[in-house]
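coords-v4.txt (compact mmCIF, C-alpha atoms)
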# COMPACT_ATOMS: atom_id res chain seq x y z
CA MET A 1 -49.64 -39.88 -15.30
CA SER A 2 -52.87 -41.93 -15.14
CA PRO A 3 -54.76 -42.91 -18.31
CA ALA A 4 -57.55 -40.45 -17.50
CA GLU A 5 -55.12 -37.56 -17.09
CA LEU A 6 -53.29 -38.56 -20.29
CA LYS A 7 -56.58 -38.56 -22.18
CA LYS A 8 -57.45 -35.11 -20.86
CA TYR A 9 -53.96 -33.84 -21.73
CA ARG A 10 -54.22 -35.07 -25.35
CA ALA A 11 -57.71 -33.60 -25.71
CA ARG A 12 -56.39 -30.26 -24.45
CA GLN A 13 -53.55 -30.40 -26.97
CA ARG A 14 -55.94 -31.08 -29.85
CA LYS A 15 -58.13 -28.20 -28.73
CA ASN A 16 -55.16 -25.83 -28.52
CA ARG A 17 -53.92 -26.98 -31.94
CA LYS A 18 -57.30 -26.29 -33.55
CA ALA A 19 -57.50 -22.86 -31.91
CA GLU A 20 -54.03 -21.99 -33.20
CA GLU A 21 -54.89 -23.13 -36.72
CA ARG A 22 -58.05 -21.01 -36.60
CA LYS A 23 -56.07 -17.95 -35.56
CA GLN A 24 -53.54 -18.46 -38.35
CA GLU A 25 -56.33 -18.82 -40.90
CA GLU A 26 -57.94 -15.58 -39.74
CA LYS A 27 -54.58 -13.83 -39.88
CA ARG A 28 -54.03 -14.98 -43.49
CA LYS A 29 -57.47 -13.71 -44.46
CA GLU A 30 -56.78 -10.32 -42.91
CA GLU A 31 -53.43 -10.05 -44.72
CA LYS A 32 -55.10 -10.94 -48.01
CA LYS A 33 -57.76 -8.27 -47.50
CA ALA A 34 -55.08 -5.69 -46.66
CA GLU A 35 -53.16 -6.50 -49.87
CA GLN A 36 -56.31 -6.15 -51.94
CA LYS A 37 -57.01 -2.77 -50.36
CA LYS A 38 -53.46 -1.61 -51.11
CA LYS A 39 -53.74 -2.68 -54.75
CA GLN A 40 -57.07 -0.92 -55.11
CA ALA A 41 -55.69 2.25 -53.51
CA GLY A 42 -52.69 2.16 -55.87
CA GLN A 43 -54.94 1.89 -58.91
CA ASP A 44 -57.03 4.80 -57.65
CA ASP A 45 -53.89 6.91 -57.22
CA LEU A 46 -52.79 6.15 -60.80
CA GLU A 47 -56.20 6.96 -62.22
CA ASN A 48 -56.80 10.03 -60.04
CA PRO A 49 -53.43 11.38 -58.86
CA PRO A 50 -53.58 13.96 -56.06
CA GLN A 51 -53.55 17.49 -57.42
CA GLU A 52 -51.63 20.24 -55.70
CA GLU A 53 -53.59 23.27 -54.68
CA LEU A 54 -52.52 26.18 -56.88
CA ILE A 55 -52.65 29.40 -54.89
CA PRO A 56 -51.34 32.42 -56.84
CA HIS A 57 -49.76 34.40 -53.99
CA LYS A 58 -47.99 31.27 -52.70
CA LEU A 59 -46.66 30.43 -56.16
CA GLU A 60 -45.23 33.91 -56.71
CA ARG A 61 -43.69 34.04 -53.21
CA PRO A 62 -42.13 30.63 -52.53
CA ALA A 63 -40.40 29.95 -49.24
CA ASP A 64 -37.06 29.15 -50.94
CA PRO A 65 -36.99 30.87 -54.37
CA ILE A 66 -33.38 29.95 -55.19
CA ASN A 67 -33.97 26.21 -54.83
CA GLU A 68 -37.25 26.56 -56.70
CA ALA A 69 -35.33 28.19 -59.56
CA LEU A 70 -33.08 25.12 -59.75
CA TYR A 71 -36.09 22.98 -60.70
CA PHE A 72 -36.51 25.13 -63.82
CA LEU A 73 -32.79 25.39 -64.51
CA ARG A 74 -31.95 21.68 -64.73
CA PRO A 75 -34.36 20.93 -67.64
CA LEU A 76 -32.97 23.95 -69.52
CA GLN A 77 -29.42 22.72 -69.09
CA ALA A 78 -30.42 19.24 -70.27
CA LEU A 79 -32.52 20.33 -73.27
CA LEU A 80 -30.85 23.59 -74.38
CA PRO A 81 -27.13 23.22 -73.69
CA ARG A 82 -26.14 25.12 -76.87
CA ARG A 83 -28.14 28.21 -76.00
CA LEU A 84 -26.14 31.02 -74.43
CA HIS A 85 -28.89 32.40 -72.18
CA THR A 86 -29.26 29.00 -70.49
CA HIS A 87 -25.79 29.32 -69.00
CA LEU A 88 -26.17 33.03 -68.25
CA LEU A 89 -29.33 32.30 -66.24
CA ALA A 90 -27.52 29.48 -64.45
CA PHE A 91 -24.71 31.89 -63.60
CA SER A 92 -27.10 34.41 -62.07
CA ILE A 93 -28.67 31.69 -59.90
CA HIS A 94 -25.33 30.35 -58.64
CA LEU A 95 -24.17 33.92 -57.99
CA ARG A 96 -27.02 34.27 -55.49
CA ARG A 97 -26.18 30.85 -54.03
CA ASN A 98 -22.56 31.91 -53.45
CA LYS A 99 -21.12 28.97 -55.45
CA PRO A 100 -17.94 30.21 -57.21
CA LEU A 101 -16.97 26.94 -58.92
CA LEU A 102 -20.47 26.50 -60.36
CA MET A 103 -20.35 30.10 -61.59
CA LEU A 104 -17.07 29.37 -63.33
CA GLN A 105 -18.57 26.26 -64.90
CA CYS A 106 -21.48 28.26 -66.34
CA LEU A 107 -19.16 30.92 -67.75
CA LYS A 108 -16.94 28.32 -69.43
CA ARG A 109 -19.98 26.67 -71.03
CA ALA A 110 -21.23 30.04 -72.28
CA TRP A 111 -17.71 30.83 -73.52
CA SER A 112 -17.73 27.64 -75.58
CA VAL A 113 -21.08 28.61 -77.15
CA ASP A 114 -20.34 32.26 -78.12
CA ARG A 115 -17.34 33.99 -76.61
CA ASP A 116 -17.99 37.27 -78.44
CA HIS A 117 -21.52 37.79 -77.15
CA PRO A 118 -21.81 41.15 -75.34
CA GLU A 119 -23.99 39.83 -72.49
CA LEU A 120 -21.32 37.27 -71.61
CA HIS A 121 -18.91 40.14 -70.94
CA THR A 122 -21.24 41.57 -68.28
CA SER A 123 -21.44 38.21 -66.49
CA ILE A 124 -17.65 37.82 -66.54
CA VAL A 125 -17.25 41.30 -65.04
CA GLN A 126 -19.72 40.40 -62.28
CA PHE A 127 -17.77 37.22 -61.55
CA LEU A 128 -14.44 39.07 -61.42
CA LYS A 129 -15.87 41.59 -58.97
CA TYR A 130 -17.28 38.75 -56.86
CA CYS A 131 -13.87 37.06 -56.75
CA LYS A 132 -12.21 40.34 -55.84
CA ASP A 133 -14.65 41.16 -53.03
CA SER A 134 -15.66 37.76 -51.62
CA LEU A 135 -12.78 35.31 -52.21
CA PRO A 136 -11.27 33.69 -50.29
CA ARG A 137 -14.28 33.12 -48.06
CA LYS A 138 -13.90 33.18 -44.29
CA TYR A 139 -14.28 30.09 -42.14
CA GLN A 140 -17.53 29.88 -40.20
CA PRO A 141 -17.42 27.54 -37.18
CA PRO A 142 -20.30 25.08 -36.91
CA VAL A 143 -23.15 26.01 -34.60
CA VAL A 144 -23.71 23.28 -32.00
CA ALA A 145 -27.24 23.08 -30.62
CA VAL A 146 -27.35 22.56 -26.85
CA ALA A 147 -29.69 19.69 -25.99
CA GLU A 148 -31.97 20.10 -22.98
CA PRO A 149 -31.39 17.59 -20.12
CA THR A 150 -34.00 14.85 -20.04
CA THR A 151 -35.32 13.44 -16.77
CA PRO A 152 -35.27 9.62 -16.67
CA ALA A 153 -38.43 7.68 -16.01
CA PRO A 154 -38.87 6.64 -12.34
CA VAL A 155 -37.72 3.09 -11.56
CA PRO A 156 -40.30 1.06 -9.58
CA SER A 157 -39.17 -0.09 -6.14
CA ASN A 158 -38.91 -3.65 -4.89
CA GLU A 159 -42.21 -3.42 -2.99
CA GLN A 160 -44.07 -2.18 -6.06
CA GLN A 161 -42.58 -4.94 -8.18
CA GLY A 162 -43.45 -7.51 -5.54
CA SER A 163 -47.04 -6.26 -5.36
CA ASN A 164 -47.38 -6.53 -9.11
CA LYS A 165 -46.15 -10.12 -9.23
CA PRO A 166 -48.83 -12.84 -8.92
CA ASN A 167 -48.84 -14.71 -5.68
CA GLN A 168 -47.62 -17.98 -7.08
CA THR A 169 -47.27 -19.60 -3.62
CA ASN A 170 -50.92 -19.09 -2.63
CA ASN A 171 -52.12 -20.40 -5.97
CA HIS A 172 -49.96 -23.46 -5.54
CA HIS A 173 -51.34 -24.17 -2.01
CA GLN A 174 -54.91 -23.81 -3.20
CA SER A 175 -54.36 -26.32 -5.98
CA ASN A 176 -52.82 -28.75 -3.49
CA LYS A 177 -55.83 -28.45 -1.17
CA GLN A 178 -58.27 -29.15 -4.01
CA ASN A 179 -56.43 -32.33 -5.00
CA LYS A 180 -55.65 -33.51 -1.46
CA ASN A 181 -58.60 -35.91 -1.15
CA SER A 182 -58.04 -37.53 -4.57
CA ARG A 183 -54.35 -38.25 -4.24
CA ASP A 184 -52.64 -40.96 -2.31
CA ASN A 185 -49.68 -40.77 0.04
CA LYS A 186 -47.22 -41.02 -2.78
CA ASN A 187 -48.66 -37.93 -4.42
CA ASN A 188 -48.50 -36.15 -1.06
CA ARG A 189 -44.80 -36.87 -0.80
CA ASP A 190 -44.35 -35.58 -4.37
CA LYS A 191 -46.33 -32.49 -3.45
CA ASN A 192 -44.09 -31.71 -0.51
CA GLN A 193 -41.03 -32.14 -2.67
CA ARG A 194 -42.43 -29.77 -5.33
CA LYS A 195 -43.29 -27.28 -2.59
CA ASN A 196 -39.72 -27.23 -1.39
CA ASN A 197 -38.48 -26.80 -4.95
CA HIS A 198 -40.92 -23.96 -5.49
CA HIS A 199 -39.71 -22.05 -2.43
CA HIS A 200 -36.15 -22.51 -3.57
CA ASN A 201 -36.97 -21.18 -7.05
CA HIS A 202 -38.92 -18.29 -5.58
CA HIS A 203 -35.94 -17.28 -3.47
CA HIS A 204 -33.68 -17.54 -6.53
CA ASN A 205 -36.07 -15.34 -8.57
CA ASN A 206 -36.06 -12.68 -5.86
CA VAL A 207 -32.26 -12.58 -5.88
CA ALA A 208 -32.24 -12.30 -9.69
CA SER A 209 -34.85 -9.53 -9.64
CA ASN A 210 -32.78 -7.59 -7.10
CA ASN A 211 -29.74 -7.89 -9.38
CA THR A 212 -31.81 -6.70 -12.35
CA GLU A 213 -33.08 -3.70 -10.39
CA ASN A 214 -29.53 -2.78 -9.41
CA LYS A 215 -28.46 -2.96 -13.07
CA THR A 216 -31.45 -0.81 -14.09
CA GLU A 217 -30.61 1.81 -11.50
CA SER A 218 -26.98 1.88 -12.64
CA ASN A 219 -28.08 2.28 -16.28
CA ALA A 220 -30.46 5.08 -15.29
CA SER A 221 -27.68 6.86 -13.46
CA LYS A 222 -25.53 6.56 -16.58
CA GLU A 223 -28.32 8.06 -18.70
CA ASN A 224 -28.49 11.06 -16.37
CA LEU A 225 -24.90 11.88 -17.19
CA PRO A 226 -24.45 14.46 -20.01
CA PRO A 227 -23.51 12.94 -23.39
CA VAL A 228 -19.86 13.02 -24.27
CA LYS A 229 -19.43 15.51 -27.12
CA PRO A 230 -16.72 14.82 -29.68
CA THR A 231 -14.00 17.37 -29.41
CA VAL A 232 -13.52 19.46 -32.58
CA ASN A 233 -10.29 21.29 -33.11
CA LEU A 234 -11.54 24.57 -34.60
CA GLU A 235 -8.05 25.74 -35.44
CA GLU A 236 -7.39 22.62 -37.48
CA GLU A 237 -10.76 22.89 -39.20
CA GLU A 238 -10.10 26.53 -40.08
CA ALA A 239 -6.66 25.66 -41.44
CA ASN A 240 -8.16 22.94 -43.67
CA PHE A 241 -10.86 25.32 -44.90
CA ASP A 242 -8.33 28.02 -45.73
CA ALA A 243 -6.24 25.49 -47.66
CA GLN A 244 -9.27 24.42 -49.68
CA GLU A 245 -10.20 28.05 -50.41
CA ALA A 246 -6.66 28.72 -51.60
CA VAL A 247 -7.00 25.86 -54.09
CA VAL A 248 -10.36 27.20 -55.29
CA VAL A 249 -8.97 30.71 -55.79
CA ASP A 250 -5.95 29.35 -57.66
CA ILE A 251 -8.13 27.32 -60.03
CA ILE A 252 -10.41 30.29 -60.72
CA HIS A 253 -7.46 32.59 -61.47
CA GLN A 254 -5.92 30.09 -63.85
CA GLU A 255 -9.16 29.60 -65.77
CA LEU A 256 -9.89 33.33 -65.98
CA ILE A 257 -6.38 34.09 -67.23
CA SER A 258 -6.77 31.46 -69.94
CA MET A 259 -10.19 32.89 -70.93
CA VAL A 260 -9.91 36.68 -70.75
CA GLY A 261 -6.25 37.27 -69.89
CA THR A 262 -6.81 39.26 -66.67
CA VAL A 263 -8.54 39.16 -63.30
CA ASP A 264 -9.02 42.93 -63.05
CA PRO A 265 -12.65 43.81 -63.95
CA LEU A 266 -11.90 47.49 -64.66
CA LYS A 267 -9.11 46.68 -67.11
CA LEU A 268 -11.23 44.01 -68.79
CA ASN A 269 -14.14 46.43 -69.26
CA GLU A 270 -11.95 49.17 -70.75
CA ASP A 271 -10.30 46.75 -73.16
CA PHE A 272 -13.73 45.46 -74.18
CA LEU A 273 -15.00 49.00 -74.82
CA ASN A 274 -11.96 49.97 -76.87
CA LYS A 275 -12.20 46.81 -78.94
CA ASN A 276 -15.93 47.21 -79.70
CA ASN A 277 -16.26 50.97 -79.69
CA ASP A 278 -18.39 51.06 -82.86
CA SER A 279 -21.03 48.48 -81.80
CA LEU A 280 -24.11 49.63 -79.88
CA PRO A 281 -24.87 46.26 -78.17
CA HIS A 282 -21.28 46.05 -76.91
CA ARG A 283 -21.29 49.68 -75.80
CA LEU A 284 -24.49 49.03 -73.81
CA GLN A 285 -22.97 46.06 -71.96
CA ALA A 286 -19.78 48.02 -71.30
CA ALA A 287 -21.90 50.84 -69.85
CA ARG A 288 -23.79 48.39 -67.65
CA SER A 289 -20.51 46.95 -66.35
CA MET A 290 -19.19 50.46 -65.74
CA VAL A 291 -22.16 51.35 -63.51
CA PHE A 292 -21.88 48.01 -61.73
CA LEU A 293 -18.20 48.51 -60.96
CA ASP A 294 -18.24 52.18 -60.05
CA GLU A 295 -21.35 54.27 -59.43
CA VAL A 296 -19.32 57.44 -59.93
CA GLN A 297 -18.95 56.70 -63.65
CA LYS A 298 -22.71 56.60 -64.18
CA GLN A 299 -22.81 59.76 -66.31
CA ARG A 300 -20.05 58.51 -68.58
CA ALA A 301 -21.81 55.15 -68.92
CA ILE A 302 -25.04 56.87 -70.02
CA GLU A 303 -23.17 58.88 -72.63
CA ILE A 304 -21.55 55.72 -73.98
CA ALA A 305 -24.85 53.82 -74.19
CA THR A 306 -26.86 56.67 -75.76
CA GLU A 307 -24.32 57.53 -78.48
CA ILE A 308 -26.05 56.44 -81.73
CA GLY A 309 -24.21 58.40 -84.39
CA ASP A 310 -23.72 57.30 -87.96
CA HIS A 311 -20.46 55.52 -87.15
CA ILE A 312 -22.23 53.22 -84.64
CA LYS A 313 -23.27 49.77 -85.84
CA GLY A 314 -26.19 47.67 -84.61
CA ARG A 315 -28.71 50.52 -84.35
CA ASP A 316 -31.73 48.29 -84.89
CA LEU A 317 -35.09 48.78 -83.20
CA GLU A 318 -34.68 46.01 -80.63
CA THR A 319 -31.30 47.29 -79.46
CA LEU A 320 -32.64 50.83 -79.10
CA LYS A 321 -35.55 49.49 -77.05
CA THR A 322 -33.08 47.64 -74.82
CA VAL A 323 -31.08 50.81 -74.26
CA LEU A 324 -34.24 52.74 -73.40
CA ALA A 325 -35.34 50.03 -70.96
CA TRP A 326 -31.93 50.14 -69.26
CA LEU A 327 -32.11 53.92 -68.90
CA ASP A 328 -35.52 53.65 -67.24
CA ASP A 329 -34.57 50.65 -65.09
CA LEU A 330 -33.47 50.70 -61.45
CA GLU A 331 -30.02 49.59 -62.56
CA CYS A 332 -29.38 52.97 -64.21
CA GLN A 333 -32.14 55.36 -63.10
CA ALA A 334 -31.37 57.99 -65.70
CA SER A 335 -32.99 61.39 -65.47
CA THR A 336 -36.06 62.39 -67.45
CA GLU A 337 -34.05 64.80 -69.62
CA GLU A 338 -31.59 62.05 -70.61
CA ILE A 339 -34.44 59.68 -71.49
CA LEU A 340 -36.20 62.31 -73.61
CA ARG A 341 -32.94 63.17 -75.37
CA PHE A 342 -32.37 59.51 -76.30
CA LYS A 343 -35.97 59.21 -77.52
CA SER A 344 -35.57 62.21 -79.79
CA GLN A 345 -32.36 60.77 -81.25
CA SER A 346 -33.97 57.35 -81.80
CA LYS A 347 -37.05 58.94 -83.38
CA LYS A 348 -34.85 60.21 -86.22
CA LEU A 349 -33.97 56.61 -87.04
CA PHE A 350 -37.47 55.18 -86.50
CA PRO A 351 -39.97 58.03 -86.86
CA ARG A 352 -43.02 55.76 -86.72
CA ALA A 353 -42.04 53.86 -83.58
CA GLN A 354 -44.47 54.93 -80.88
CA ILE A 355 -42.07 53.98 -78.09
CA PHE A 356 -39.79 56.87 -79.09
CA MET A 357 -42.52 59.51 -79.34
CA THR A 358 -41.86 62.18 -76.80
CA GLU A 359 -45.39 63.69 -77.19
CA PRO A 360 -48.62 62.17 -78.52
CA PRO A 361 -49.46 63.28 -82.10
CA GLN A 362 -51.89 66.21 -82.34
CA GLY A 363 -53.34 65.10 -85.67
CA HIS A 364 -52.36 63.19 -88.76
CA THR A 365 -53.78 61.90 -91.99
CA THR A 366 -53.73 58.24 -92.96
CA THR A 367 -54.29 57.12 -96.53
CA VAL A 368 -55.36 53.51 -97.01
CA THR A 369 -55.14 51.95 -100.47
CA THR A 370 -56.12 48.36 -101.21
CA THR A 371 -55.52 46.49 -104.46
CA THR A 372 -56.79 43.01 -105.21
CA ALA A 373 -55.23 40.61 -107.66
CA ASP A 374 -58.31 38.56 -108.52
CA SER A 375 -60.59 41.51 -109.50
CA ALA A 376 -62.87 40.75 -106.57
CA ALA A 377 -64.04 42.84 -103.65
CA ALA A 378 -61.56 43.00 -100.76
CA LEU A 379 -61.97 44.21 -97.18
CA THR A 380 -59.11 45.94 -95.41
CA THR A 381 -59.13 47.06 -91.78
CA THR A 382 -56.80 49.87 -90.76
CA THR A 383 -56.23 51.18 -87.25
CA ALA A 384 -55.63 54.89 -86.92
CA MET A 385 -55.04 57.25 -84.05
CA GLY A 386 -57.82 59.78 -83.65
CA GLY A 387 -61.51 60.27 -83.17
CA THR A 388 -63.85 61.05 -86.10
CA ILE A 389 -63.63 60.86 -89.89
CA ALA A 390 -63.35 64.40 -91.17
CA SER A 391 -63.49 63.91 -94.94
CA ILE A 392 -63.46 61.24 -97.65
CA ALA A 393 -61.58 62.09 -100.83
CA SER A 394 -61.79 60.41 -104.25
CA PRO A 395 -65.32 59.02 -104.14
CA ILE A 396 -65.67 55.34 -104.92
CA SER A 397 -66.32 54.58 -108.54
CA ASP A 398 -66.55 51.44 -110.63
CA ASP A 399 -63.75 52.44 -113.01
CA THR A 400 -60.86 53.45 -110.77
CA GLU A 401 -59.22 52.18 -107.68
CA SER A 402 -60.66 54.06 -104.71
CA GLU A 403 -58.89 55.71 -101.84
CA VAL A 404 -60.17 56.60 -98.41
CA THR A 405 -58.46 59.46 -96.62
CA VAL A 406 -59.09 59.60 -92.91
CA ASN A 407 -58.25 62.70 -90.92
CA CYS A 408 -57.74 61.62 -87.32
CA LYS A 409 -57.70 63.77 -84.23
CA GLN A 410 -56.25 62.88 -80.88
CA GLY A 411 -58.62 60.58 -79.02
CA ASP A 412 -60.13 57.16 -79.50
CA GLU A 413 -59.12 54.44 -81.95
CA VAL A 414 -60.88 54.48 -85.30
CA ILE A 415 -61.29 51.45 -87.55
CA SER A 416 -61.82 52.36 -91.20
CA ASN A 417 -62.99 49.76 -93.68
CA HIS A 418 -62.29 50.12 -97.35
CA VAL A 419 -63.79 48.14 -100.18
CA ASN A 420 -61.99 48.27 -103.55
CA HIS A 421 -64.05 47.73 -106.66
CA VAL A 422 -62.33 46.80 -109.90
CA ASN A 423 -64.01 46.17 -113.24
CA ALA A 424 -64.03 42.57 -114.37
Using the file provided, produce a representation of the structure as structure tokens.
Amino acid sequence: MSPAELKKYRARQRKNRKAEERKQEEKRKEEKKAEQKKKQAGQDDLENPPQEELIPHKLERPADPINEALYFLRPLQALLPRRLHTHLLAFSIHLRRNKPLLMLQCLKRAWSVDRDHPELHTSIVQFLKYCKDSLPRKYQPPVVAVAEPTTPAPVPSNEQQGSNKPNQTNNHHQSNKQNKNSRDNKNNRDKNQRKNNHHHNHHHNNVASNNTENKTESNASKENLPPVKPTVNLEEEEANFDAQEAVVVDIIHQELISMVGTVDPLKLNEDFLNKNNDSLPHRLQAARSMVFLDEVQKQRAIEIATEIGDHIKGRDLETLKTVLAWLDDLECQASTEEILRFKSQSKKLFPRAQIFMTEPPQGHTTTVTTTTADSAAALTTTTAMGGTIASIASPISDDTESEVTVNCKQGDEVISNHVNHVNA
């Protein structure tokens, strides 16, 4: 290489080096700007997190309500593990998910909290009926989706590939013609030698490209073949599933025997009723289980739940309200006569409870008396059923405690205010 060509070659190298350094510097600046933007976006997200759009009808009708219920269940199990209703709610969710071992887990946790609770008995009866009707579960073979055949992309031919390649030979001849006058004979001999080498390399490249095309075509033909599906022995899979189900059923039976002593829901419910025959909450849960197990015994179950004689314990207001709600619920669907009969019986125990009133009161008199301890004026507000004030008895005086008697008729709500005056 002549000194002039060497000088030009070094100058070209320096120029290429500077251009490369400039590109790298620009790339570093762009990366730095991108990092700053990411940091700023992260800070904005922390300060103003994206809020979900709250649409009422979408919230009350989720696409997957059972899985949505699990999001509420897990915090309850973590924060309230000693509360019985936590495990009863978990049992009802897993019952809908068809998870027998998780159901058993919830029942054992509830059993450890309060084994004598009447609502736990109803859940155990539901689980026993589920085991009797649904276990062992049947094997369901997997559903294999059939994939649609895909057409391979067309492979370009040799002529198309040759037309796309640059004409290296013509470019080489043109460069030789431009330098022909400036080179001596020695360079001409070197040129001819390079030309021969170039033709040899070009021929070698054509042979290699042909081999590559043949390999591509063979690979494409292999891709057209359907994929080899792994063979699954369904009989073996079903045998394994049945063995696992047998183990699950055996474990459940052992645990239930250790807990309640039987796996027959009817026997368990009768024993529970005979043991707690004088308790209204237990009689209600036994009646619920009776309707759940056999619809034919609905009338007997209603008689058991609505028996509130003097020998029955637990006849408080909340329990009577629960019985009334069960009678009116879809679970029982008692007749109107049976509901009115229970209301009349409960009214004898709680005559002022409006929920047990079979008919609205035609008229009543309310007497409101207010006494103050500090000899000062006091204001008392009393709500009464009725419309207008008919009469006021015992007119207000400064010497005696006053009374206001309000005669109320059926109609609007009346608010009567009474001021008591006592001598200092």
* Asked: What lies within 12 Å of Glu307 (chain A) using only C-alpha atoms, ignoring chain neighbours under 6 positions off, as an NGL selection string?
  -> :A and (277-284 or 287 or 300-301 or 313-315 or 320 or 323 or 338 or 341-343 or 345-346)
* Selection near Val113 (chain A), 7 Å with all atoms listed in the file, sequence-local residues under 2 positions removed, as a PyMOL selection string -> chain A and resi 82+84+109-111+115
* To do: Enter the distance from CA of His121 (chain A) to CA of Leu101 (chain A), in Å, rounded to one decimal.
  =>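 For CA of His121 (chain A) relative to CA of Leu101 (chain A), the distance reads 18.0 Å.
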* Asked: Rounded to one decimal in Å, what is the spacing between CA of Ala41 (chain A) and CA of Leu54 (chain A)?
  -> 24.4 Å
* **Interatomic distance (Å, one decimal) between CA of His117 (chain A) and CA of Lys348 (chain A)** =>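 Value for the CA of His117 (chain A)-CA of Lys348 (chain A) distance: 27.6 Å.
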* Counting all atoms listed in the file, find the residues whose atoms lie at most 10 Å from (-28.3, 26.9, -53.6) (file coordinates) and write them out as a count of residues only. => 14
* Test item: residues at most 10 Å from Pro141 (chain A), all atoms listed in the file, excluding those fewer than 2 positions along its chain, as a PyMOL selection string -> chain A and resi 138-139+143-144+234-235+237-238
